[in-house]
Amino acid sequence: MHISMRRSGRLGAVAAACALAFASLTAPAGAAPDPRVRVEVPGPAGGAAGAGYRNVPRTFPTAPGAAPKALEGGADGRVTKVIDNGDTKDRLDVVVIGDGYTAGELDRFHTDAKEKWNDFLGVEPYRTYQKLFNVWTVDAVSAESGVSGDPGKDVTRNTALGAHFWCDGTERLLCIDQQKVDAYVAKAPQADLVLVLANSSKYGGAGYNEASPTLGYEGIATASAHDRDSSQVAVHETGHSLGKLADEYAYPGVPEYEQYSGPEKPEANSSVLDAAAMGGARTKWYRWLGESSPDGGAVGAYEGGNYYVKGLFRPTEDSLMRTLGKPFNLPGAEAMVAGFYRHATPAAPADRSRTWQTTARLALPRTPDAGHGPLTVRWYLDGRELPGQRNRDRVALREVAVGRGDHRLTATVTDGTTAVRDPALRAALTGSTGWTVRRGAGSAADRRALVVARPDAAPVRSAVTTEGDR
């Protein structure tokens, strides 16, 4: 593995924490009654993205002497859609819950949630694909302001979600009571990703990257609301939950992780193959080899990653999956876009209410600028393309000639982004949505002249087959 002198000291400082993490993971199971969950420990602020994993309890006892919290005006559990980009059927829904906010601090929580989401939008590909996301807040009223472990280890506060620093003996590991978090997540109409914000300016966070079998979310990231470095921790954790990416850092000095000799790894950014072997086998990130990457340098095969010092390769020297503050590399960004589209569709009506409308209008997944590749839109009426409407985001139905009875209007959107090269992933970048078109429906002075459309109740995840394409 190639490590500069500037980086070696930082990684060496992490080695001790990694060794403790390894010991925690391999120790015999204890007799504790609570089930345990595997969480990622963030690295030092501005340093390595992570410092290994710990098995921590899913639930924690309520703070000693805590009294039931007094609720004001039914605020506890209130759900607000703070970023609205469409129906939950069409978009990736992020649920943000705050801990350590009293009833009088909920306005501040809403501001913090928006600011933290803006930190996400400072990172590609979140910035380009921000139209694919809805963001919801769920108000959790705490009896006390702030969270346990801040500013000191012995500080204990009674909060709604049990957020606390010094989890498992590590100051910057910010754990929560997952059972309590899930109770609030369940109040949102949909949850694909969960972000828990602690009312704190102390650096820290955690990655709970197990998908919920009951609520459907892909992971929980915790972060301090008032610390910008903590935002990087949260974005890194979504690299695991949404992108299914491996960590690109290693555990130097931990004997068990000095050499990997196992089978090929499943993650898109980790391989047993060097660049020559990868190119020859036409696998993994071979399509990106030699390309200039946003995190610096060219895509290749750099030894060290997925916790091993040798025997595994990563795509670039230093991406966000290795070091906080860096961008995703090209293969990582590709995996993130694919993760977005697991929950969102490229083709969605701007208004999915089941009402009759005089214009069929699309909500496109991103701005169709030349720098990110084209967005192709094709409209079909009863299976035949309307060539004059190509690449428009709306069709005025007065321009559509239809006879009596119901007709079928369909829009197919293909995201031709340059960020995705794998054909298997590109298949999810095409989607369709439809409307029922009728002459004379709805209320109008002249029903004979009015043509209206009503959108489908749900999206179509794959492209339609049409007469014009046969």
# chains A, B, ... in the order shown; residues from 1 in each chain; ligands from 1
$ closest_atom_pairs --of "region 86-205 of chain A" --to "region 230-252 of chain A" --cutoff "10 Å" --atoms "only C-alpha atoms" --output "Markdown table"
| residue | atom | partner | partner_atom | distance |
| --- | --- | --- | --- | --- |
| A:Glu115 | CA | A:Ser231 | CA | 9.9 |
| A:Lys116 | CA | A:Ser231 | CA | 6.7 |
| A:Trp117 | CA | A:Ser231 | CA | 8.8 |
| A:Asn118 | CA | A:Ser231 | CA | 9.7 |
| A:Asp119 | CA | A:Ser231 | CA | 6.4 |
| A:Phe120 | CA | A:Val235 | CA | 6.5 |
| A:Leu121 | CA | A:Val235 | CA | 9.8 |
| A:Val123 | CA | A:Val235 | CA | 8.2 |
| A:Tyr126 | CA | A:Val235 | CA | 9.5 |
| A:Arg172 | CA | A:Ser230 | CA | 9.7 |
| A:Asp192 | CA | A:Leu242 | CA | 9.0 |
| A:Leu193 | CA | A:Ser241 | CA | 8.1 |
| A:Val194 | CA | A:Thr238 | CA | 9.7 |
| A:Leu195 | CA | A:Ala234 | CA | 7.8 |
| A:Val196 | CA | A:Ala234 | CA | 9.4 |
| A:Leu197 | CA | A:Ser230 | CA | 9.8 |
| A:Ser201 | CA | A:Ser230 | CA | 9.1 |
| A:Lys202 | CA | A:Ser230 | CA | 8.6 |
| A:Tyr203 | CA | A:Ser230 | CA | 5.8 |
| A:Gly204 | CA | A:Ser230 | CA | 5.7 |
| A:Gly205 | CA | A:Ser230 | CA | 6.2 |
$ write_last_selection --atoms "C-alpha atoms" --output "mmCIF file, in the first residue's frame"
data_model
loop_
_atom_site.group_PDB
_atom_site.id
_atom_site.type_symbol
_atom_site.label_atom_id
_atom_site.label_comp_id
_atom_site.auth_asym_id
_atom_site.auth_seq_id
_atom_site.Cartn_x
_atom_site.Cartn_y
_atom_site.Cartn_z
ATOM 1 C CA GLU A 115 -28.524 22.959 7.048
ATOM 2 C CA LYS A 116 -27.285 19.390 7.454
ATOM 3 C CA TRP A 117 -29.029 18.377 4.239
ATOM 4 C CA ASN A 118 -27.331 21.305 2.518
ATOM 5 C CA ASP A 119 -24.017 19.789 3.645
ATOM 6 C CA PHE A 120 -25.016 16.615 1.803
ATOM 7 C CA LEU A 121 -25.800 18.659 -1.297
ATOM 8 C CA VAL A 123 -21.069 16.499 -2.202
ATOM 9 C CA TYR A 126 -25.976 14.408 -4.154
ATOM 10 C CA ARG A 172 -16.507 10.363 19.043
ATOM 11 C CA ASP A 192 -35.278 4.928 2.757
ATOM 12 C CA LEU A 193 -32.478 6.567 4.748
ATOM 13 C CA VAL A 194 -32.436 7.854 8.341
ATOM 14 C CA LEU A 195 -30.316 10.660 9.783
ATOM 15 C CA VAL A 196 -30.243 11.321 13.532
ATOM 16 C CA LEU A 197 -28.944 14.752 14.566
ATOM 17 C CA SER A 201 -21.327 20.885 18.475
ATOM 18 C CA LYS A 202 -19.045 18.009 19.502
ATOM 19 C CA TYR A 203 -17.455 16.020 16.659
ATOM 20 C CA GLY A 204 -18.833 12.521 16.250
ATOM 21 C CA GLY A 205 -21.181 10.138 14.534
#
$ select_by_dssp --residues "region 205-435 of chain A" --states "alpha helix (DSSP H)" --output "VMD selection string"
chain A and resid 228 to 241 275 to 281 330 to 343 423 to 426
$ closest_atom_pairs --of "region 378-460 of chain A" --to "region 335-343 of chain A" --cutoff "9 Å" --atoms "only C-alpha atoms" --output "JSON lines"
{"residue": "A:Ala419", "atom": "CA", "partner": "A:Val337", "partner_atom": "CA", "distance": 7.7}
{"residue": "A:Val420", "atom": "CA", "partner": "A:Val337", "partner_atom": "CA", "distance": 7.5}
{"residue": "A:Leu425", "atom": "CA", "partner": "A:Ala338", "partner_atom": "CA", "distance": 6.2}
{"residue": "A:Arg426", "atom": "CA", "partner": "A:Ala338", "partner_atom": "CA", "distance": 8.0}
{"residue": "A:Ala428", "atom": "CA", "partner": "A:Tyr341", "partner_atom": "CA", "distance": 6.6}
{"residue": "A:Leu429", "atom": "CA", "partner": "A:Tyr341", "partner_atom": "CA", "distance": 7.0}
$ closest_residue --among "A:Pro331, A:Gly388, A:Pro151, A:Gly434" --to "Lys284 (chain A)" --atoms "only C-alpha atoms"
A:Pro331
$ residues_around --residues "Glu291 (chain A)" --least-positions-apart "4" --cutoff "10 Å" --atoms "only C-alpha atoms" --output "ChimeraX atom specification"
/A:287,297-300,330
$ residues_around --residues "Gly86 (chain A)" --least-positions-apart "2" --cutoff "12 Å" --atoms "only C-alpha atoms" --output "PyMOL selection string"
chain A and resi 81-84+88-93+130-135+344-353+362-365+459
$ write_last_selection --atoms "N, CA and C atoms" --output "mmCIF file, in the first residue's frame"
data_model
loop_
_atom_site.group_PDB
_atom_site.id
_atom_site.type_symbol
_atom_site.label_atom_id
_atom_site.label_comp_id
_atom_site.auth_asym_id
_atom_site.auth_seq_id
_atom_site.Cartn_x
_atom_site.Cartn_y
_atom_site.Cartn_z
ATOM 1 N N LYS A 81 -42.681 17.668 5.929
ATOM 2 C CA LYS A 81 -41.933 17.460 4.686
ATOM 3 C C LYS A 81 -41.193 18.756 4.377
ATOM 4 N N VAL A 82 -39.891 18.780 4.637
ATOM 5 C CA VAL A 82 -39.131 20.022 4.505
ATOM 6 C C VAL A 82 -38.534 20.192 3.107
ATOM 7 N N ILE A 83 -38.307 19.104 2.398
ATOM 8 C CA ILE A 83 -37.885 19.155 1.001
ATOM 9 C C ILE A 83 -38.845 18.273 0.220
ATOM 10 N N ASP A 84 -39.592 18.880 -0.703
ATOM 11 C CA ASP A 84 -40.631 18.160 -1.438
ATOM 12 C C ASP A 84 -40.278 18.113 -2.916
ATOM 13 N N THR A 88 -43.807 9.928 -2.534
ATOM 14 C CA THR A 88 -42.896 8.946 -1.948
ATOM 15 C C THR A 88 -42.689 7.740 -2.855
ATOM 16 N N LYS A 89 -43.635 7.467 -3.745
ATOM 17 C CA LYS A 89 -43.470 6.354 -4.681
ATOM 18 C C LYS A 89 -42.338 6.608 -5.665
ATOM 19 N N ASP A 90 -42.035 7.890 -5.896
ATOM 20 C CA ASP A 90 -41.108 8.267 -6.959
ATOM 21 C C ASP A 90 -39.745 8.718 -6.464
ATOM 22 N N ARG A 91 -39.600 8.984 -5.180
ATOM 23 C CA ARG A 91 -38.404 9.634 -4.679
ATOM 24 C C ARG A 91 -37.772 8.849 -3.530
ATOM 25 N N LEU A 92 -36.495 9.135 -3.282
ATOM 26 C CA LEU A 92 -35.781 8.554 -2.149
ATOM 27 C C LEU A 92 -36.085 9.427 -0.941
ATOM 28 N N ASP A 93 -36.653 8.836 0.083
ATOM 29 C CA ASP A 93 -37.126 9.594 1.231
ATOM 30 C C ASP A 93 -36.147 9.498 2.396
ATOM 31 N N GLN A 130 -30.146 16.112 -6.481
ATOM 32 C CA GLN A 130 -30.935 16.547 -5.334
ATOM 33 C C GLN A 130 -32.434 16.468 -5.586
ATOM 34 N N LYS A 131 -32.860 16.508 -6.862
ATOM 35 C CA LYS A 131 -34.291 16.428 -7.169
ATOM 36 C C LYS A 131 -34.867 15.032 -6.947
ATOM 37 N N LEU A 132 -34.016 14.051 -6.703
ATOM 38 C CA LEU A 132 -34.496 12.690 -6.445
ATOM 39 C C LEU A 132 -34.872 12.459 -4.983
ATOM 40 N N PHE A 133 -34.679 13.471 -4.124
ATOM 41 C CA PHE A 133 -34.843 13.266 -2.683
ATOM 42 C C PHE A 133 -36.011 14.069 -2.109
ATOM 43 N N ASN A 134 -36.758 13.426 -1.241
ATOM 44 C CA ASN A 134 -37.616 14.112 -0.289
ATOM 45 C C ASN A 134 -36.941 14.056 1.078
ATOM 46 N N VAL A 135 -37.111 15.095 1.864
ATOM 47 C CA VAL A 135 -36.567 15.108 3.224
ATOM 48 C C VAL A 135 -37.702 15.408 4.199
ATOM 49 N N ALA A 344 -35.707 5.697 -6.305
ATOM 50 C CA ALA A 344 -36.342 6.765 -7.072
ATOM 51 C C ALA A 344 -36.438 6.361 -8.533
ATOM 52 N N THR A 345 -37.366 6.964 -9.229
ATOM 53 C CA THR A 345 -37.541 6.675 -10.643
ATOM 54 C C THR A 345 -37.171 7.896 -11.472
ATOM 55 N N PRO A 346 -36.573 7.702 -12.652
ATOM 56 C CA PRO A 346 -36.260 8.853 -13.501
ATOM 57 C C PRO A 346 -37.494 9.497 -14.114
ATOM 58 N N ALA A 347 -38.600 8.761 -14.174
ATOM 59 C CA ALA A 347 -39.819 9.281 -14.799
ATOM 60 C C ALA A 347 -40.914 9.391 -13.751
ATOM 61 N N ALA A 348 -41.303 10.610 -13.424
ATOM 62 C CA ALA A 348 -42.344 10.826 -12.427
ATOM 63 C C ALA A 348 -43.185 12.024 -12.838
ATOM 64 N N PRO A 349 -44.500 11.950 -12.648
ATOM 65 C CA PRO A 349 -45.321 13.130 -12.919
ATOM 66 C C PRO A 349 -45.070 14.198 -11.870
ATOM 67 N N ALA A 350 -45.121 15.447 -12.289
ATOM 68 C CA ALA A 350 -44.936 16.536 -11.334
ATOM 69 C C ALA A 350 -46.059 16.563 -10.306
ATOM 70 N N ASP A 351 -47.222 16.070 -10.695
ATOM 71 C CA ASP A 351 -48.373 16.009 -9.795
ATOM 72 C C ASP A 351 -48.996 14.626 -9.935
ATOM 73 N N ARG A 352 -48.840 13.798 -8.886
ATOM 74 C CA ARG A 352 -49.393 12.448 -8.957
ATOM 75 C C ARG A 352 -50.781 12.364 -8.316
ATOM 76 N N SER A 353 -51.372 13.474 -7.965
ATOM 77 C CA SER A 353 -52.730 13.430 -7.428
ATOM 78 C C SER A 353 -53.666 12.890 -8.502
ATOM 79 N N LEU A 362 -43.766 16.402 -16.263
ATOM 80 C CA LEU A 362 -42.805 15.524 -15.606
ATOM 81 C C LEU A 362 -41.986 16.273 -14.559
ATOM 82 N N ALA A 363 -41.571 15.562 -13.528
ATOM 83 C CA ALA A 363 -40.545 16.033 -12.599
ATOM 84 C C ALA A 363 -39.270 15.281 -12.947
ATOM 85 N N LEU A 364 -38.343 15.951 -13.593
ATOM 86 C CA LEU A 364 -37.129 15.289 -14.068
ATOM 87 C C LEU A 364 -36.152 15.049 -12.916
ATOM 88 N N PRO A 365 -35.310 14.015 -13.030
ATOM 89 C CA PRO A 365 -34.417 13.661 -11.921
ATOM 90 C C PRO A 365 -33.264 14.622 -11.705
ATOM 91 N N PRO A 459 -45.555 4.453 -10.273
ATOM 92 C CA PRO A 459 -44.619 4.500 -11.398
ATOM 93 C C PRO A 459 -44.417 3.138 -12.034
#
$ closest_residue --among "A:Gly46, A:Pro61, A:Gly405, A:Pro423" --to "Val452 (chain A)" --atoms "only C-alpha atoms"
A:Gly405
$ closest_residue --among "A:Asn199, A:Thr59, A:Asn158, A:Asn391" --to "Gln179 (chain A)" --atoms "only C-alpha atoms"
A:Thr59
$ residues_around --residues "Glu144 (chain A)" --least-positions-apart "3" --cutoff "8 Å" --atoms "only C-alpha atoms" --output "compact mmCIF listing (two decimals) with C-alpha atoms, in the first residue's frame"
# COMPACT_ATOMS: atom_id res chain seq x y z
CA GLY A 100 -31.57 16.53 22.70
CA TYR A 101 -34.01 19.16 21.48
CA THR A 102 -36.62 20.36 23.99
CA ARG A 157 -29.04 13.81 29.82
CA ASN A 158 -32.60 12.57 29.46
CA THR A 159 -33.31 12.62 25.72
$ closest_residue --among "A:Gly403, A:Gly207, A:Pro57, A:Pro327" --to "Arg127 (chain A)" --atoms "only C-alpha atoms"
A:Pro327
$ atom_distance --atom1 "CA of Glu334 (chain A)" --atom2 "CA of Leu174 (chain A)"
29.0 Å
$ closest_residue --among "A:Thr414, A:Gln357, A:Gln178, A:Ser212" --to "Val395 (chain A)" --atoms "only C-alpha atoms"
A:Gln357
$ select_by_dssp --residues "region 339-402 of chain A" --states "strand (DSSP E)" --output "list in words"
Thr359, Ala360, Arg361, Leu375, Thr376, Val377, Arg378, Trp379, Tyr380, Leu381, Arg384, Glu385, Arg394, Val395 and Ala396 of chain A
$ closest_residue --among "A:Leu161, A:Ile220, A:Val413, A:Ala191" --to "Asp177 (chain A)" --atoms "only C-alpha atoms"
A:Leu161
$ residues_around --residues "Arg404 (chain A)" --least-positions-apart "6" --cutoff "9 Å" --atoms "only C-alpha atoms" --output "MDAnalysis selection string"
chainID A and resid 438:440
$ write_last_selection --atoms "N, CA and C atoms" --output "compact mmCIF listing (two decimals), in the first residue's frame"
# COMPACT_ATOMS: atom_id res chain seq x y z
N ARG A 438 -58.49 11.60 -21.70
CA ARG A 438 -59.91 11.52 -22.04
C ARG A 438 -60.38 12.87 -22.56
N ARG A 439 -61.23 12.83 -23.56
CA ARG A 439 -61.85 14.06 -24.05
C ARG A 439 -63.15 14.29 -23.29
N GLY A 440 -63.28 15.52 -22.77
CA GLY A 440 -64.54 15.91 -22.16
C GLY A 440 -64.71 15.50 -20.71
$ residues_around --residues "Val37 (chain A)" --least-positions-apart "4" --cutoff "9 Å" --atoms "only C-alpha atoms" --output "ChimeraX atom specification"
/A:54-58,208,210
$ write_last_selection --atoms "C-alpha atoms" --output "mmCIF file, in the first residue's frame"
data_model
loop_
_atom_site.group_PDB
_atom_site.id
_atom_site.type_symbol
_atom_site.label_atom_id
_atom_site.label_comp_id
_atom_site.auth_asym_id
_atom_site.auth_seq_id
_atom_site.Cartn_x
_atom_site.Cartn_y
_atom_site.Cartn_z
ATOM 1 C CA ARG A 54 -17.934 -2.055 17.263
ATOM 2 C CA ASN A 55 -20.792 -4.267 18.342
ATOM 3 C CA VAL A 56 -22.983 -2.083 20.547
ATOM 4 C CA PRO A 57 -26.409 -2.592 22.143
ATOM 5 C CA ARG A 58 -29.426 -1.720 20.016
ATOM 6 C CA TYR A 208 -25.762 1.799 11.480
ATOM 7 C CA GLU A 210 -28.025 -2.751 8.522
#
$ decode --residues "region 355-389 of chain A" --atoms "N, CA and C atoms" --output "PDB file, in the first residue's frame"
ATOM      1  N   THR A 355     -56.183  13.551 -10.073  1.00  0.00           N
ATOM      2  CA  THR A 355     -57.103  14.558 -10.595  1.00  0.00           C
ATOM      3  C   THR A 355     -56.889  14.704 -12.092  1.00  0.00           C
ATOM      4  N   TRP A 356     -57.905  15.196 -12.760  1.00  0.00           N
ATOM      5  CA  TRP A 356     -57.796  15.433 -14.202  1.00  0.00           C
ATOM      6  C   TRP A 356     -57.055  16.740 -14.438  1.00  0.00           C
ATOM      7  N   GLN A 357     -56.079  16.720 -15.317  1.00  0.00           N
ATOM      8  CA  GLN A 357     -55.184  17.852 -15.543  1.00  0.00           C
ATOM      9  C   GLN A 357     -55.145  18.190 -17.031  1.00  0.00           C
ATOM     10  N   THR A 358     -54.961  19.460 -17.341  1.00  0.00           N
ATOM     11  CA  THR A 358     -54.912  19.883 -18.743  1.00  0.00           C
ATOM     12  C   THR A 358     -53.508  19.827 -19.322  1.00  0.00           C
ATOM     13  N   THR A 359     -52.510  19.607 -18.468  1.00  0.00           N
ATOM     14  CA  THR A 359     -51.121  19.457 -18.916  1.00  0.00           C
ATOM     15  C   THR A 359     -50.510  18.254 -18.210  1.00  0.00           C
ATOM     16  N   ALA A 360     -49.884  17.380 -18.981  1.00  0.00           N
ATOM     17  CA  ALA A 360     -49.124  16.267 -18.405  1.00  0.00           C
ATOM     18  C   ALA A 360     -47.689  16.751 -18.228  1.00  0.00           C
ATOM     19  N   ARG A 361     -47.217  16.801 -17.000  1.00  0.00           N
ATOM     20  CA  ARG A 361     -45.919  17.405 -16.713  1.00  0.00           C
ATOM     21  C   ARG A 361     -45.050  16.440 -15.920  1.00  0.00           C
ATOM     22  N   LEU A 362     -43.766  16.402 -16.263  1.00  0.00           N
ATOM     23  CA  LEU A 362     -42.805  15.524 -15.606  1.00  0.00           C
ATOM     24  C   LEU A 362     -41.986  16.273 -14.559  1.00  0.00           C
ATOM     25  N   ALA A 363     -41.571  15.562 -13.528  1.00  0.00           N
ATOM     26  CA  ALA A 363     -40.545  16.033 -12.599  1.00  0.00           C
ATOM     27  C   ALA A 363     -39.270  15.281 -12.947  1.00  0.00           C
ATOM     28  N   LEU A 364     -38.343  15.951 -13.593  1.00  0.00           N
ATOM     29  CA  LEU A 364     -37.129  15.289 -14.068  1.00  0.00           C
ATOM     30  C   LEU A 364     -36.152  15.049 -12.916  1.00  0.00           C
ATOM     31  N   PRO A 365     -35.310  14.015 -13.030  1.00  0.00           N
ATOM     32  CA  PRO A 365     -34.417  13.661 -11.921  1.00  0.00           C
ATOM     33  C   PRO A 365     -33.264  14.622 -11.705  1.00  0.00           C
ATOM     34  N   ARG A 366     -32.915  15.381 -12.724  1.00  0.00           N
ATOM     35  CA  ARG A 366     -31.815  16.341 -12.602  1.00  0.00           C
ATOM     36  C   ARG A 366     -31.930  17.338 -13.737  1.00  0.00           C
ATOM     37  N   THR A 367     -31.125  18.385 -13.677  1.00  0.00           N
ATOM     38  CA  THR A 367     -31.078  19.362 -14.756  1.00  0.00           C
ATOM     39  C   THR A 367     -30.347  18.754 -15.950  1.00  0.00           C
ATOM     40  N   PRO A 368     -30.923  18.797 -17.145  1.00  0.00           N
ATOM     41  CA  PRO A 368     -30.297  18.159 -18.317  1.00  0.00           C
ATOM     42  C   PRO A 368     -29.180  19.002 -18.922  1.00  0.00           C
ATOM     43  N   ASP A 369     -28.139  19.268 -18.133  1.00  0.00           N
ATOM     44  CA  ASP A 369     -27.036  20.076 -18.645  1.00  0.00           C
ATOM     45  C   ASP A 369     -26.006  19.186 -19.317  1.00  0.00           C
ATOM     46  N   ALA A 370     -25.225  19.786 -20.199  1.00  0.00           N
ATOM     47  CA  ALA A 370     -24.275  19.018 -21.010  1.00  0.00           C
ATOM     48  C   ALA A 370     -23.167  18.399 -20.180  1.00  0.00           C
ATOM     49  N   GLY A 371     -22.862  18.988 -19.038  1.00  0.00           N
ATOM     50  CA  GLY A 371     -21.749  18.491 -18.249  1.00  0.00           C
ATOM     51  C   GLY A 371     -21.966  17.131 -17.625  1.00  0.00           C
ATOM     52  N   HIS A 372     -23.219  16.696 -17.530  1.00  0.00           N
ATOM     53  CA  HIS A 372     -23.505  15.419 -16.882  1.00  0.00           C
ATOM     54  C   HIS A 372     -24.177  14.428 -17.818  1.00  0.00           C
ATOM     55  N   GLY A 373     -24.221  14.722 -19.099  1.00  0.00           N
ATOM     56  CA  GLY A 373     -24.862  13.807 -20.028  1.00  0.00           C
ATOM     57  C   GLY A 373     -26.318  14.179 -20.251  1.00  0.00           C
ATOM     58  N   PRO A 374     -26.910  13.665 -21.308  1.00  0.00           N
ATOM     59  CA  PRO A 374     -28.265  14.070 -21.684  1.00  0.00           C
ATOM     60  C   PRO A 374     -29.348  13.391 -20.856  1.00  0.00           C
ATOM     61  N   LEU A 375     -30.495  14.030 -20.800  1.00  0.00           N
ATOM     62  CA  LEU A 375     -31.739  13.404 -20.370  1.00  0.00           C
ATOM     63  C   LEU A 375     -32.621  13.294 -21.606  1.00  0.00           C
ATOM     64  N   THR A 376     -33.049  12.102 -21.927  1.00  0.00           N
ATOM     65  CA  THR A 376     -33.876  11.885 -23.108  1.00  0.00           C
ATOM     66  C   THR A 376     -35.304  11.613 -22.671  1.00  0.00           C
ATOM     67  N   VAL A 377     -36.242  12.376 -23.220  1.00  0.00           N
ATOM     68  CA  VAL A 377     -37.657  12.217 -22.899  1.00  0.00           C
ATOM     69  C   VAL A 377     -38.410  11.922 -24.189  1.00  0.00           C
ATOM     70  N   ARG A 378     -39.201  10.860 -24.168  1.00  0.00           N
ATOM     71  CA  ARG A 378     -40.016  10.504 -25.331  1.00  0.00           C
ATOM     72  C   ARG A 378     -41.452  10.293 -24.866  1.00  0.00           C
ATOM     73  N   TRP A 379     -42.366  10.873 -25.612  1.00  0.00           N
ATOM     74  CA  TRP A 379     -43.788  10.797 -25.287  1.00  0.00           C
ATOM     75  C   TRP A 379     -44.492   9.900 -26.302  1.00  0.00           C
ATOM     76  N   TYR A 380     -45.452   9.095 -25.808  1.00  0.00           N
ATOM     77  CA  TYR A 380     -46.192   8.178 -26.664  1.00  0.00           C
ATOM     78  C   TYR A 380     -47.685   8.299 -26.374  1.00  0.00           C
ATOM     79  N   LEU A 381     -48.478   8.278 -27.423  1.00  0.00           N
ATOM     80  CA  LEU A 381     -49.930   8.229 -27.293  1.00  0.00           C
ATOM     81  C   LEU A 381     -50.413   6.918 -27.884  1.00  0.00           C
ATOM     82  N   ASP A 382     -51.003   6.099 -27.051  1.00  0.00           N
ATOM     83  CA  ASP A 382     -51.468   4.773 -27.465  1.00  0.00           C
ATOM     84  C   ASP A 382     -50.360   3.984 -28.155  1.00  0.00           C
ATOM     85  N   GLY A 383     -49.137   4.099 -27.641  1.00  0.00           N
ATOM     86  CA  GLY A 383     -48.013   3.321 -28.139  1.00  0.00           C
ATOM     87  C   GLY A 383     -47.267   3.930 -29.302  1.00  0.00           C
ATOM     88  N   ARG A 384     -47.732   5.044 -29.835  1.00  0.00           N
ATOM     89  CA  ARG A 384     -47.053   5.689 -30.964  1.00  0.00           C
ATOM     90  C   ARG A 384     -46.392   6.977 -30.485  1.00  0.00           C
ATOM     91  N   GLU A 385     -45.128   7.159 -30.880  1.00  0.00           N
ATOM     92  CA  GLU A 385     -44.400   8.321 -30.394  1.00  0.00           C
ATOM     93  C   GLU A 385     -44.965   9.610 -30.960  1.00  0.00           C
ATOM     94  N   LEU A 386     -44.943  10.638 -30.110  1.00  0.00           N
ATOM     95  CA  LEU A 386     -45.273  12.003 -30.523  1.00  0.00           C
ATOM     96  C   LEU A 386     -43.951  12.725 -30.762  1.00  0.00           C
ATOM     97  N   PRO A 387     -43.407  12.653 -31.979  1.00  0.00           N
ATOM     98  CA  PRO A 387     -42.038  13.148 -32.204  1.00  0.00           C
ATOM     99  C   PRO A 387     -41.870  14.632 -31.919  1.00  0.00           C
ATOM    100  N   GLY A 388     -42.921  15.405 -32.072  1.00  0.00           N
ATOM    101  CA  GLY A 388     -42.813  16.832 -31.812  1.00  0.00           C
ATOM    102  C   GLY A 388     -42.671  17.172 -30.340  1.00  0.00           C
ATOM    103  N   GLN A 389     -42.882  16.190 -29.475  1.00  0.00           N
ATOM    104  CA  GLN A 389     -42.798  16.418 -28.029  1.00  0.00           C
ATOM    105  C   GLN A 389     -41.493  15.908 -27.421  1.00  0.00           C
TER     106      GLN A 389
END
